[in-house]
Structure formats: C-alpha cells, structure tokens
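Chemist: Data file start-v8.txt (compact mmCIF, C-alpha atoms and all ligand atoms) is appended below.
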# COMPACT_ATOMS: atom_id res chain seq x y z
CA MET A 1 24.95 -15.75 20.87
CA ILE A 2 21.60 -14.57 19.50
CA SER A 3 20.53 -16.79 16.64
CA PRO A 4 20.03 -15.00 13.31
CA PRO A 5 16.44 -14.51 12.11
CA ARG A 6 14.81 -17.17 9.93
CA ALA A 7 12.95 -14.63 7.88
CA TRP A 8 13.33 -10.89 7.70
CA ALA A 9 12.38 -7.97 5.46
CA GLU A 10 15.06 -5.48 4.49
CA ILE A 11 13.57 -2.03 4.00
CA ASP A 12 15.55 0.19 1.64
CA LEU A 13 14.80 3.82 2.56
CA ALA A 14 16.86 5.20 -0.35
CA ALA A 15 14.58 3.24 -2.68
CA LEU A 16 11.56 4.80 -0.95
CA ASP A 17 13.02 8.28 -1.53
CA HIS A 18 13.63 7.44 -5.17
CA ASN A 19 10.06 6.24 -5.72
CA LEU A 20 8.55 9.27 -3.99
CA GLU A 21 10.67 11.61 -6.11
CA PHE A 22 9.72 9.69 -9.24
CA ALA A 23 5.99 9.91 -8.41
CA GLN A 24 6.13 13.66 -7.80
CA ALA A 25 8.37 14.42 -10.80
CA HIS A 26 6.35 12.22 -13.17
CA SER A 27 3.01 13.77 -12.20
CA GLY A 28 4.30 17.24 -11.41
CA LEU A 29 2.24 17.07 -8.20
CA LYS A 30 2.82 16.77 -4.47
CA ALA A 31 2.08 13.41 -2.89
CA MET A 32 -0.05 12.30 -0.02
CA ALA A 33 2.04 9.26 0.97
CA ILE A 34 -0.34 6.34 1.49
CA LEU A 35 0.82 4.59 4.67
CA LYS A 36 -2.23 2.46 5.49
CA ALA A 37 -1.90 -1.17 6.54
CA GLY A 38 1.44 -0.70 8.24
CA ALA A 39 2.83 1.17 5.23
CA TYR A 40 1.88 -1.81 3.06
CA GLY A 41 3.61 -4.12 5.50
CA HIS A 42 6.88 -2.17 5.50
CA GLY A 43 6.45 -0.71 9.01
CA LEU A 44 4.07 2.20 9.65
CA VAL A 45 5.99 4.24 12.21
CA ALA A 46 9.45 3.69 10.73
CA LEU A 47 8.42 4.84 7.26
CA ALA A 48 6.34 7.73 8.56
CA LYS A 49 9.30 8.95 10.64
CA HIS A 50 11.51 8.77 7.58
CA LEU A 51 9.01 10.62 5.36
CA ASP A 52 8.15 13.18 8.04
CA THR A 53 10.92 15.52 6.88
CA LYS A 54 9.83 15.60 3.23
CA GLY A 55 7.25 18.36 3.61
CA LEU A 56 4.37 16.25 2.27
CA PRO A 57 0.90 17.74 2.71
CA TYR A 58 -0.54 14.53 4.19
CA PHE A 59 0.03 10.93 5.17
CA GLY A 60 -2.95 8.79 4.20
CA VAL A 61 -4.02 6.17 6.75
CA ALA A 62 -6.97 3.81 6.73
CA ASN A 63 -8.49 4.51 10.13
CA VAL A 64 -8.16 6.16 13.51
CA ARG A 65 -6.12 3.34 14.97
CA GLU A 66 -3.38 3.92 12.41
CA ALA A 67 -3.64 7.68 12.93
CA ARG A 68 -3.27 7.17 16.69
CA GLU A 69 -0.13 5.10 16.19
CA LEU A 70 1.45 7.89 14.16
CA ALA A 71 0.29 10.64 16.52
CA ASP A 72 1.71 8.69 19.49
CA ALA A 73 5.03 8.48 17.63
CA GLN A 74 5.06 12.32 17.35
CA VAL A 75 4.74 12.29 13.56
CA LYS A 76 4.22 15.89 12.39
CA THR A 77 2.84 15.52 8.86
CA PRO A 78 -0.95 16.04 8.80
CA LEU A 79 -2.91 12.79 8.84
CA TYR A 80 -5.69 12.10 6.36
CA LEU A 81 -8.25 9.36 7.04
CA LEU A 82 -8.91 7.54 3.78
CA GLY A 83 -11.82 5.52 5.10
CA PRO A 84 -15.03 6.58 6.81
CA THR A 85 -15.09 7.16 10.56
CA PHE A 86 -17.52 5.51 12.95
CA PRO A 87 -19.63 7.99 14.94
CA GLU A 88 -17.85 7.13 18.20
CA GLU A 89 -14.45 7.86 16.63
CA ARG A 90 -15.23 11.36 15.46
CA GLU A 91 -14.57 13.23 18.69
CA GLU A 92 -10.99 11.96 18.74
CA VAL A 93 -10.57 12.99 15.09
CA VAL A 94 -11.70 16.51 15.94
CA LEU A 95 -9.54 16.80 19.05
CA LYS A 96 -6.41 15.43 17.37
CA GLY A 97 -6.81 17.56 14.26
CA TRP A 98 -6.82 14.67 11.79
CA THR A 99 -8.42 15.32 8.42
CA PRO A 100 -11.46 13.15 7.73
CA CYS A 101 -13.09 12.69 4.36
CA LEU A 102 -16.81 13.33 4.56
CA SER A 103 -18.94 10.76 2.85
CA SER A 104 -22.49 11.57 3.90
CA HIS A 105 -24.72 14.27 5.34
CA GLU A 106 -24.63 12.41 8.64
CA ASP A 107 -20.82 12.81 8.63
CA ILE A 108 -21.11 16.51 7.94
CA GLY A 109 -23.68 17.06 10.67
CA ASP A 110 -21.70 15.11 13.25
CA PHE A 111 -18.42 16.88 12.62
CA ALA A 112 -20.10 20.28 12.59
CA GLU A 113 -21.69 19.49 15.96
CA LEU A 114 -18.42 18.28 17.48
CA ALA A 115 -16.63 21.37 16.19
CA ARG A 116 -19.23 23.55 17.90
CA LYS A 117 -18.98 21.55 21.13
CA HIS A 118 -15.19 21.90 21.30
CA GLU A 119 -15.04 25.37 19.74
CA VAL A 120 -12.63 24.29 17.02
CA VAL A 121 -12.71 24.28 13.25
CA VAL A 122 -12.42 20.86 11.62
CA SER A 123 -10.46 20.72 8.40
CA ALA A 124 -12.08 18.11 6.15
CA HIS A 125 -12.27 16.90 2.56
CA LEU A 126 -15.37 15.81 0.73
CA ALA A 127 -15.29 12.32 -0.76
CA LEU A 128 -16.73 12.09 -4.26
CA ASP A 129 -17.83 8.78 -5.76
CA THR A 130 -17.07 8.85 -9.49
CA GLY A 131 -17.25 5.08 -9.83
CA MET A 132 -15.57 3.29 -6.93
CA GLY A 133 -18.84 2.64 -5.09
CA ARG A 134 -17.15 2.58 -1.68
CA GLY A 135 -17.99 5.96 -0.20
CA GLY A 136 -18.59 9.61 -0.90
CA PHE A 137 -21.18 11.82 -2.51
CA LEU A 138 -22.41 11.08 -6.00
CA PRO A 139 -21.60 13.65 -8.70
CA THR A 140 -25.20 14.86 -8.64
CA GLN A 141 -24.94 15.46 -4.87
CA LEU A 142 -21.61 17.26 -4.81
CA ALA A 143 -22.69 20.87 -5.31
CA GLU A 144 -25.24 20.64 -2.51
CA ALA A 145 -22.72 19.07 -0.13
CA VAL A 146 -20.16 21.77 -0.90
CA GLU A 147 -22.74 24.45 -0.28
CA ARG A 148 -23.87 22.94 3.01
CA VAL A 149 -20.31 22.60 4.32
CA SER A 150 -19.41 26.14 3.30
CA LEU A 151 -22.28 27.45 5.44
CA LEU A 152 -21.09 25.60 8.56
CA PRO A 153 -18.65 27.60 10.70
CA GLY A 154 -17.22 24.44 12.30
CA ILE A 155 -15.97 22.82 9.10
CA ARG A 156 -13.32 24.22 6.81
CA LEU A 157 -13.39 22.43 3.48
CA THR A 158 -9.75 21.82 2.49
CA GLY A 159 -10.15 19.39 -0.35
CA ILE A 160 -12.18 17.05 -2.53
CA GLY A 161 -11.06 13.54 -3.34
CA SER A 162 -12.27 10.76 -5.59
CA HIS A 163 -10.89 7.29 -6.28
CA LEU A 164 -10.16 5.14 -9.35
CA PRO A 165 -11.46 1.57 -9.35
CA SER A 166 -9.77 0.40 -12.55
CA ALA A 167 -6.88 2.66 -13.52
CA ASP A 168 -4.77 -0.44 -14.18
CA GLU A 169 -7.54 -2.30 -16.04
CA ASP A 170 -9.91 -0.03 -17.94
CA ALA A 171 -8.41 3.00 -19.69
CA GLU A 172 -11.66 4.20 -21.23
CA PHE A 173 -13.58 4.23 -17.96
CA THR A 174 -10.66 5.88 -16.17
CA ARG A 175 -10.34 8.61 -18.81
CA GLU A 176 -14.05 9.34 -18.41
CA GLN A 177 -13.59 9.58 -14.65
CA PHE A 178 -10.85 12.19 -15.08
CA VAL A 179 -13.03 14.21 -17.46
CA GLN A 180 -15.95 14.03 -15.06
CA PHE A 181 -13.80 14.96 -12.06
CA ASP A 182 -12.35 18.00 -13.80
CA ARG A 183 -15.77 19.11 -15.04
CA LEU A 184 -17.24 18.82 -11.54
CA MET A 185 -14.39 20.78 -9.98
CA HIS A 186 -15.06 23.61 -12.43
CA GLU A 187 -18.77 23.44 -11.63
CA VAL A 188 -18.26 23.81 -7.90
CA GLY A 189 -15.64 26.50 -8.43
CA PHE A 190 -12.55 24.63 -7.23
CA ASP A 191 -10.43 24.81 -10.33
CA ALA A 192 -7.67 27.07 -9.07
CA SER A 193 -5.00 24.35 -9.26
CA PRO A 194 -2.30 23.41 -10.01
CA THR A 195 -1.01 25.65 -7.22
CA PRO A 196 -1.06 23.44 -4.14
CA GLY A 197 -1.95 25.55 -1.18
CA ASP A 198 -4.44 24.73 1.46
CA PHE A 199 -7.00 23.27 -0.90
CA TYR A 200 -6.40 19.87 -2.41
CA LEU A 201 -8.05 18.08 -5.30
CA HIS A 202 -7.04 14.47 -5.73
CA LEU A 203 -8.05 11.24 -7.40
CA SER A 204 -4.91 9.42 -8.57
CA ASN A 205 -3.60 6.26 -6.97
CA SER A 206 -0.40 4.71 -8.36
CA ALA A 207 -1.84 3.55 -11.68
CA GLY A 208 -3.73 6.82 -12.10
CA LEU A 209 -0.69 9.04 -11.68
CA LEU A 210 1.40 6.94 -14.06
CA ASP A 211 -0.90 7.07 -17.07
CA TYR A 212 -3.43 9.90 -16.58
CA GLN A 213 -3.44 13.64 -16.10
CA SER A 214 -6.12 15.78 -14.50
CA THR A 215 -6.45 19.47 -15.35
CA THR A 216 -7.61 20.36 -11.84
CA ALA A 217 -6.03 17.90 -9.36
CA ASN A 218 -3.05 19.18 -7.39
CA LEU A 219 -2.28 16.13 -5.26
CA ILE A 220 -1.57 12.44 -5.92
CA ARG A 221 -2.13 9.51 -3.56
CA PRO A 222 0.52 6.90 -4.38
CA GLY A 223 0.62 3.71 -2.37
CA LEU A 224 2.06 0.66 -4.11
CA LEU A 225 4.33 2.76 -6.30
CA LEU A 226 6.01 4.34 -3.27
CA TYR A 227 7.06 0.87 -2.22
CA GLY A 228 8.71 0.35 -5.59
CA VAL A 229 6.12 -1.88 -7.19
CA SER A 230 4.31 -0.73 -10.31
CA PRO A 231 0.70 -1.73 -10.93
CA LEU A 232 1.54 -1.28 -14.64
CA PRO A 233 4.45 -3.53 -15.70
CA GLN A 234 5.79 -1.04 -18.26
CA TRP A 235 6.75 1.36 -15.44
CA GLN A 236 8.47 -1.18 -13.18
CA LYS A 237 11.94 -0.26 -14.51
CA ALA A 238 11.55 3.28 -13.16
CA LEU A 239 11.00 2.07 -9.59
CA HIS A 240 13.15 0.52 -6.88
CA PRO A 241 11.52 -2.16 -4.69
CA VAL A 242 11.70 -1.08 -1.04
CA MET A 243 11.19 -4.47 0.60
CA THR A 244 13.41 -7.51 0.10
CA LEU A 245 11.94 -10.54 1.85
CA LYS A 246 14.78 -12.80 2.91
CA SER A 247 15.34 -16.09 4.62
CA ARG A 248 18.13 -18.62 5.15
CA VAL A 249 18.88 -22.17 4.20
CA ALA A 250 18.40 -24.24 7.37
CA VAL A 251 19.66 -27.56 6.04
CA VAL A 252 20.59 -29.21 2.72
CA ARG A 253 19.93 -32.94 2.30
CA ARG A 254 20.38 -35.59 -0.37
CA LEU A 255 17.15 -37.43 -1.02
CA PRO A 256 16.59 -40.40 -3.35
CA ALA A 257 14.30 -40.54 -6.39
CA GLY A 258 10.77 -41.45 -5.29
CA HIS A 259 10.94 -39.58 -1.98
CA GLY A 260 7.94 -37.34 -1.23
CA ILE A 261 8.26 -33.68 -0.22
CA SER A 262 6.01 -31.82 2.25
CA TYR A 263 2.37 -32.24 3.33
CA GLY A 264 0.19 -34.27 1.02
CA ARG A 265 3.31 -35.56 -0.80
CA THR A 266 2.20 -33.57 -3.86
CA SER A 267 5.83 -33.55 -5.02
CA ILE A 268 7.66 -36.87 -5.54
CA LEU A 269 11.31 -36.57 -6.54
CA ALA A 270 11.89 -37.81 -10.10
CA HIS A 271 15.66 -38.09 -9.56
CA ASP A 272 18.13 -38.30 -6.71
CA SER A 273 18.17 -34.67 -5.55
CA ARG A 274 19.65 -32.12 -3.19
CA VAL A 275 16.85 -30.46 -1.28
CA ALA A 276 17.30 -27.28 0.77
CA THR A 277 14.94 -26.52 3.64
CA ILE A 278 14.39 -22.77 4.09
CA GLY A 279 13.13 -20.97 7.20
CA ILE A 280 10.07 -19.20 5.86
CA GLY A 281 6.46 -20.30 5.43
CA TYR A 282 2.89 -19.11 5.38
CA GLY A 283 3.25 -18.13 9.05
CA ASP A 284 5.52 -15.39 7.73
CA GLY A 285 3.13 -14.39 4.97
CA LEU A 286 4.52 -16.45 2.10
CA PRO A 287 1.23 -17.59 0.55
CA ARG A 288 0.50 -21.31 0.71
CA ALA A 289 -1.23 -20.78 -2.64
CA ILE A 290 2.15 -20.70 -4.46
CA SER A 291 2.45 -24.46 -3.75
CA GLY A 292 2.57 -26.43 -7.00
CA LYS A 293 2.82 -23.28 -9.18
CA LYS A 294 6.36 -23.40 -10.65
CA ALA A 295 7.37 -20.93 -7.96
CA HIS A 296 10.99 -20.36 -6.99
CA VAL A 297 13.27 -18.42 -4.66
CA LEU A 298 16.74 -17.06 -5.38
CA ILE A 299 19.84 -18.44 -3.68
CA GLY A 300 23.01 -16.61 -4.63
CA GLY A 301 20.95 -15.02 -7.39
CA CYS A 302 20.01 -18.41 -8.93
CA PRO A 303 16.43 -19.72 -9.11
CA ALA A 304 15.74 -22.70 -6.83
CA PRO A 305 12.33 -24.25 -7.62
CA LEU A 306 9.81 -24.78 -4.83
CA LEU A 307 9.10 -28.44 -4.06
CA GLY A 308 5.75 -29.46 -2.61
CA ARG A 309 3.55 -27.37 -0.36
CA VAL A 310 4.53 -24.30 1.65
CA THR A 311 4.35 -25.22 5.36
CA MET A 312 3.81 -22.82 8.24
CA ASP A 313 7.49 -22.20 8.97
CA GLN A 314 9.50 -23.83 6.20
CA ILE A 315 9.67 -24.53 2.49
CA MET A 316 11.74 -27.00 0.53
CA VAL A 317 13.46 -26.11 -2.76
CA ASP A 318 15.48 -28.05 -5.29
CA VAL A 319 19.19 -27.15 -5.26
CA THR A 320 20.48 -30.18 -7.19
CA HIS A 321 21.82 -27.76 -9.83
CA LEU A 322 23.43 -25.49 -7.20
CA PRO A 323 26.19 -27.58 -5.60
CA GLY A 324 27.56 -24.68 -3.53
CA VAL A 325 24.38 -24.09 -1.52
CA ALA A 326 24.88 -24.71 2.21
CA THR A 327 23.30 -24.11 5.60
CA GLY A 328 23.09 -20.41 6.43
CA ASP A 329 23.00 -19.17 2.83
CA GLU A 330 20.78 -16.15 2.26
CA VAL A 331 17.64 -16.59 0.20
CA GLU A 332 15.71 -13.86 -1.66
CA VAL A 333 12.01 -14.68 -1.55
CA PHE A 334 11.13 -11.45 -3.37
CA GLY A 335 12.79 -8.10 -3.89
CA PRO A 336 14.82 -6.30 -6.56
CA ASN A 337 15.75 -9.56 -8.32
CA LEU A 338 12.45 -11.39 -8.00
CA PRO A 339 9.45 -9.06 -8.25
CA VAL A 340 6.75 -9.43 -5.60
CA SER A 341 4.30 -9.15 -8.51
CA GLU A 342 5.58 -12.52 -9.75
CA VAL A 343 5.00 -14.13 -6.35
CA ALA A 344 1.53 -12.56 -6.42
CA GLU A 345 0.85 -14.15 -9.81
CA TRP A 346 1.88 -17.58 -8.54
CA ALA A 347 -0.53 -17.10 -5.63
CA ASP A 348 -3.29 -15.85 -7.95
CA THR A 349 -3.48 -12.53 -6.12
CA ILE A 350 -2.02 -9.00 -6.26
CA ALA A 351 1.22 -7.49 -4.93
CA TRP A 352 -0.75 -5.28 -2.48
CA GLU A 353 -2.06 -8.40 -0.73
CA ILE A 354 1.32 -10.15 -0.53
CA LEU A 355 2.98 -7.08 1.01
CA THR A 356 0.27 -6.33 3.55
CA ARG A 357 0.15 -9.94 4.70
CA ILE A 358 3.79 -10.27 5.72
CA THR A 359 3.28 -11.16 9.38
CA PRO A 360 4.73 -9.53 12.52
CA ARG A 361 7.08 -12.50 12.97
CA VAL A 362 9.15 -11.17 10.07
CA MET A 363 11.62 -8.65 11.47
CA ARG A 364 11.72 -5.41 9.47
CA VAL A 365 15.33 -4.26 9.11
CA LEU A 366 15.89 -0.68 7.92
CA LYS A 367 18.78 -0.10 5.55
C1 LIG A 401 -5.07 2.54 -0.96
C2 LIG A 401 -5.51 3.80 -1.60
C3 LIG A 401 -4.65 4.50 -2.45
C4 LIG A 401 -3.32 3.96 -2.91
O1 LIG A 401 -3.52 3.01 -3.93
P1 LIG A 401 -2.30 2.35 -4.72
O2 LIG A 401 -2.95 1.60 -5.83
O3 LIG A 401 -1.61 1.43 -3.76
O4 LIG A 401 -1.43 3.45 -5.18
C5 LIG A 401 -5.06 5.73 -2.90
N1 LIG A 401 -6.25 6.24 -2.55
C6 LIG A 401 -7.12 5.58 -1.75
C7 LIG A 401 -8.43 6.19 -1.41
C8 LIG A 401 -6.78 4.33 -1.25
O5 LIG A 401 -7.65 3.68 -0.46
Could the structure of this file be written out as structure tokens, please?

Modeler:
Amino acid sequence: MISPPRAWAEIDLAALDHNLEFAQAHSGLKAMAILKAGAYGHGLVALAKHLDTKGLPYFGVANVREARELADAQVKTPLYLLGPTFPEEREEVVLKGWTPCLSSHEDIGDFAELARKHEVVVSAHLALDTGMGRGGFLPTQLAEAVERVSLLPGIRLTGIGSHLPSADEDAEFTREQFVQFDRLMHEVGFDASPTPGDFYLHLSNSAGLLDYQSTTANLIRPGLLLYGVSPLPQWQKALHPVMTLKSRVAVVRRLPAGHGISYGRTSILAHDSRVATIGIGYGDGLPRAISGKKAHVLIGGCPAPLLGRVTMDQIMVDVTHLPGVATGDEVEVFGPNLPVSEVAEWADTIAWEILTRITPRVMRVLK
C-alpha cells in the first residue's frame, strides 16, 4: 500500500472560477490572470490549463522560463511577460510570440531588430513607471517612446501598463497614480477604452481593482485575489481560498509537566499534556518564523496551539483539550477556515510569500 502524504495542498478549481468571476464583475474589466511563481504556488501548468478555456486576453508570467513551461504544455492563451527580458532571451520571445513589456529604448531597439531579422511583427506593451520604481518609462518619457515604437514596422504596440506600489497601504498616492495614468493615456491618444479589443491599458493588481477605478484602463491584473486571498481584509468575505494546506497527525503522546518541546526547548509544558506530532515543517514551506507566536492549526475544525519551534518535517501542537484526536487525523494548516493571511502575520510576512514558498515536496491535489 502507498502511504498517504504527510503534507499536501488541495486546490479548489471552483473557488478559482469564483474569484476570477468576482474580479471581472467587480471591476467590469477583463482579467490578465497573473500566474507567475507557479501560479502563486498553486501549480503553474494545472491552473493555466484550467483557465485556458476562459477566453482571457493574457496570462501574466514573470519570465521566459515560466512562459516556456506553459508553451510546452500547449497552453493557448497569449503569454505576457511581466518582468524585463535579458538580451539573450529576446529572440525566443519573438519566435514564440510572447508579449514583452518594453522598459527602455534598448528594449525597443533590440525587439525591432529581431523582428526585422525574422520578418515578423512583435506585439508588445510599453511599461510605464508611475511610482513603482521597478521598470518602465517615466511619465515624461512616455510620449516619445510611443512615437518611436509607432514608427517601427517590426513592433506593434498592443498596450500600456503601469503598476501600483501601495494600493493596499496608501490611498492618496494610489488615487494620484490613477489620475496620472488616465491623464497620460489621453495625452498619448489611447483613451478609447473601455472596449477591450487589441489594445490594452492596465495598472490594477488585486488591491487596485478592489478599491479604485480608472477611466481609461480596460484590463486588470489580479494575482493574490484570484487565489482567494484579499490584500484588503474587508473584501475577504467575497473570495474563496483556492489552496488548503493540509497535513496529518503522525502520533499523539502524553507528556508530563516540565517536559521540553522541540529544538532549543523554547516550550516547556506547564501541565501534563497530550501532544500531537504533525507531518509538516519548514521543509514544506511552513515558516519557522511562526515558532513562539501563538500560532495554531485546526484539527477537526478546532484550534490546536503550536508548541515550540517548527522543525524541518514536523511540528508539535497541544491537543490536551481535544481528547478525540488520533493518529491519521487531518489537519488544516491554512485554508478556508484559517486564513493564510493569519499565518503570514504570525510569520511577520505577507500571504504572497507564504503561498509562493510552499515547496515541491507538498503534493498539489486538484479538486
Ligand atoms: C505580481 C503582479 C501583479 C499581481 O499582484 P497581486 O497583488 O498579487 O494582485 C500584477 N501586476 C504586476 C506587474 C505584478 O508583478
């Protein structure tokens, strides 16, 4: 008999559908599904295959390696490269028909040259830096870049995109970014939205699409929200978490008051206790940083507090108050009943990081 997994991630595709529909209905715009970093740890190819039938204008990936993985899996939705390309990657981008975002005049020149060499037309977006400071043309440089690209036969400009650095932190700055974006789109003559066609204007990530509205954008770029996690707590109720990280109770033991638990013996039992050992650790992506933080898991829906430090493959939790808990019981580490955002808070980080750091050892199980 094959032994059951110690730790696995259940991926709820109906929840993914719900979140995508919510994002598009709430904003009134089509979505570029952001699938970078293995679809935020959910499984790049599996989710792309599922979303491939939804008629989305693009899948957003971080780099050519991710694009290659999707192309090799025969994914049909056009692929958009969110990050800059290295010079030696650009020929493949041109030949495969992926859509790059152009961030500099060197980018533009290179792609134009490759298009000429291969006698193709490259469809590309311009990246516009309205405050992120990560890539793109500055607002003062946009008109010139648009003009240059429009004169090059090898490049067909099919969109302009910007990004929001603090849509979940700074409303005033974000509002100004939207105003600036819309003003610039009018200035360069791309204000024909909201009819999505073959020209796309976009700046909203998850937080942006929840709380802000552009008068020119006709595309949203949701990532975290697609996976059922809201960057803004007030919208969490509207979403369905896609990933449930699960494990099992390996053994339950009675230990006397005064006994130490885990490395460093940072936890010493105050009372005689029942302690369950669970088959998940930082080697699976459960952050060691939740050690000592009043963290818990759910067993049969009931909180079982973490005892001592997270080890590579196992954690110990207190089940003194849960007399029914036994070997083999399922454990929810995060999911619909225990938000990943709460685990992120214990670890002093963000939900994005927890999700993308779930390791390959954790089997992804589609539901
Ligand atoms: C990652 C990313 C997104 C998605 O961000 P979320 O906050 O996860 O919705 C959107 N746009 C760009 C350019 C990104 O890099």

Chemist: Using atom CA of A:Gly154 and atom CA of A:Ala112 as the two end points, give the distance in Å to one decimal.

Modeler: 5.1 Å

Chemist: Choose the residue, out of A:Val179, A:Val188, A:Leu95, A:Val229, that has the smallest atom-to-atom separation from ligand LIG 401 (chain A); count all atoms listed in the file.

Modeler: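 When distances to ligand LIG 401 (chain A) are compared using all atoms listed in the file, the smallest one comes from A:Val229.
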
Chemist: Can you tell me how far atom CA of A:Ser206 sits from atom CA of A:Met243, in Å to one decimal?

Modeler: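 Interatomic distance here is 17.3 Å.
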
Chemist: Residues at most 12 Å from A:Thr215, counting only C-alpha atoms, excluding those fewer than 5 positions away in the same chain, as a PyMOL selection string?

Modeler: chain A and resi 27-29+178-186+190-195+201-203

Chemist: Stretch 27-41 of chain A, all listed atoms, 8 Å padding on each side: what axis-aligned box centre and edge lengths in Å to one decimal come out, as AutoDock Vina command-line options?

Modeler:
--center_x 1.0 --center_y 6.6 --center_z -2.0 --size_x 22.5 --size_y 37.4 --size_z 36.4

Chemist: List as a ChimeraX atom specification the protein and nucleic acid residues lying within 10 Å of ligand LIG 401 (chain A), with all atoms listed in the file counted.

Modeler: /A:32-37,40,60-62,81-83,101,127,132,134-135,161-168,202-210,220-227,229-231,351-352

Chemist: Between atom CA of A:Glu330 and atom CA of A:Ile315, measure the distance and give it in Å to one decimal.

Modeler: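 So the two atoms, atom CA of A:Glu330 and atom CA of A:Ile315, lie 13.9 Å apart.
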
Chemist: Considering only C-alpha atoms, can you say which of A:Leu307, A:Ala238, A:Leu56, A:Leu151 comes closest to A:Ser262?

Modeler: A:Leu307
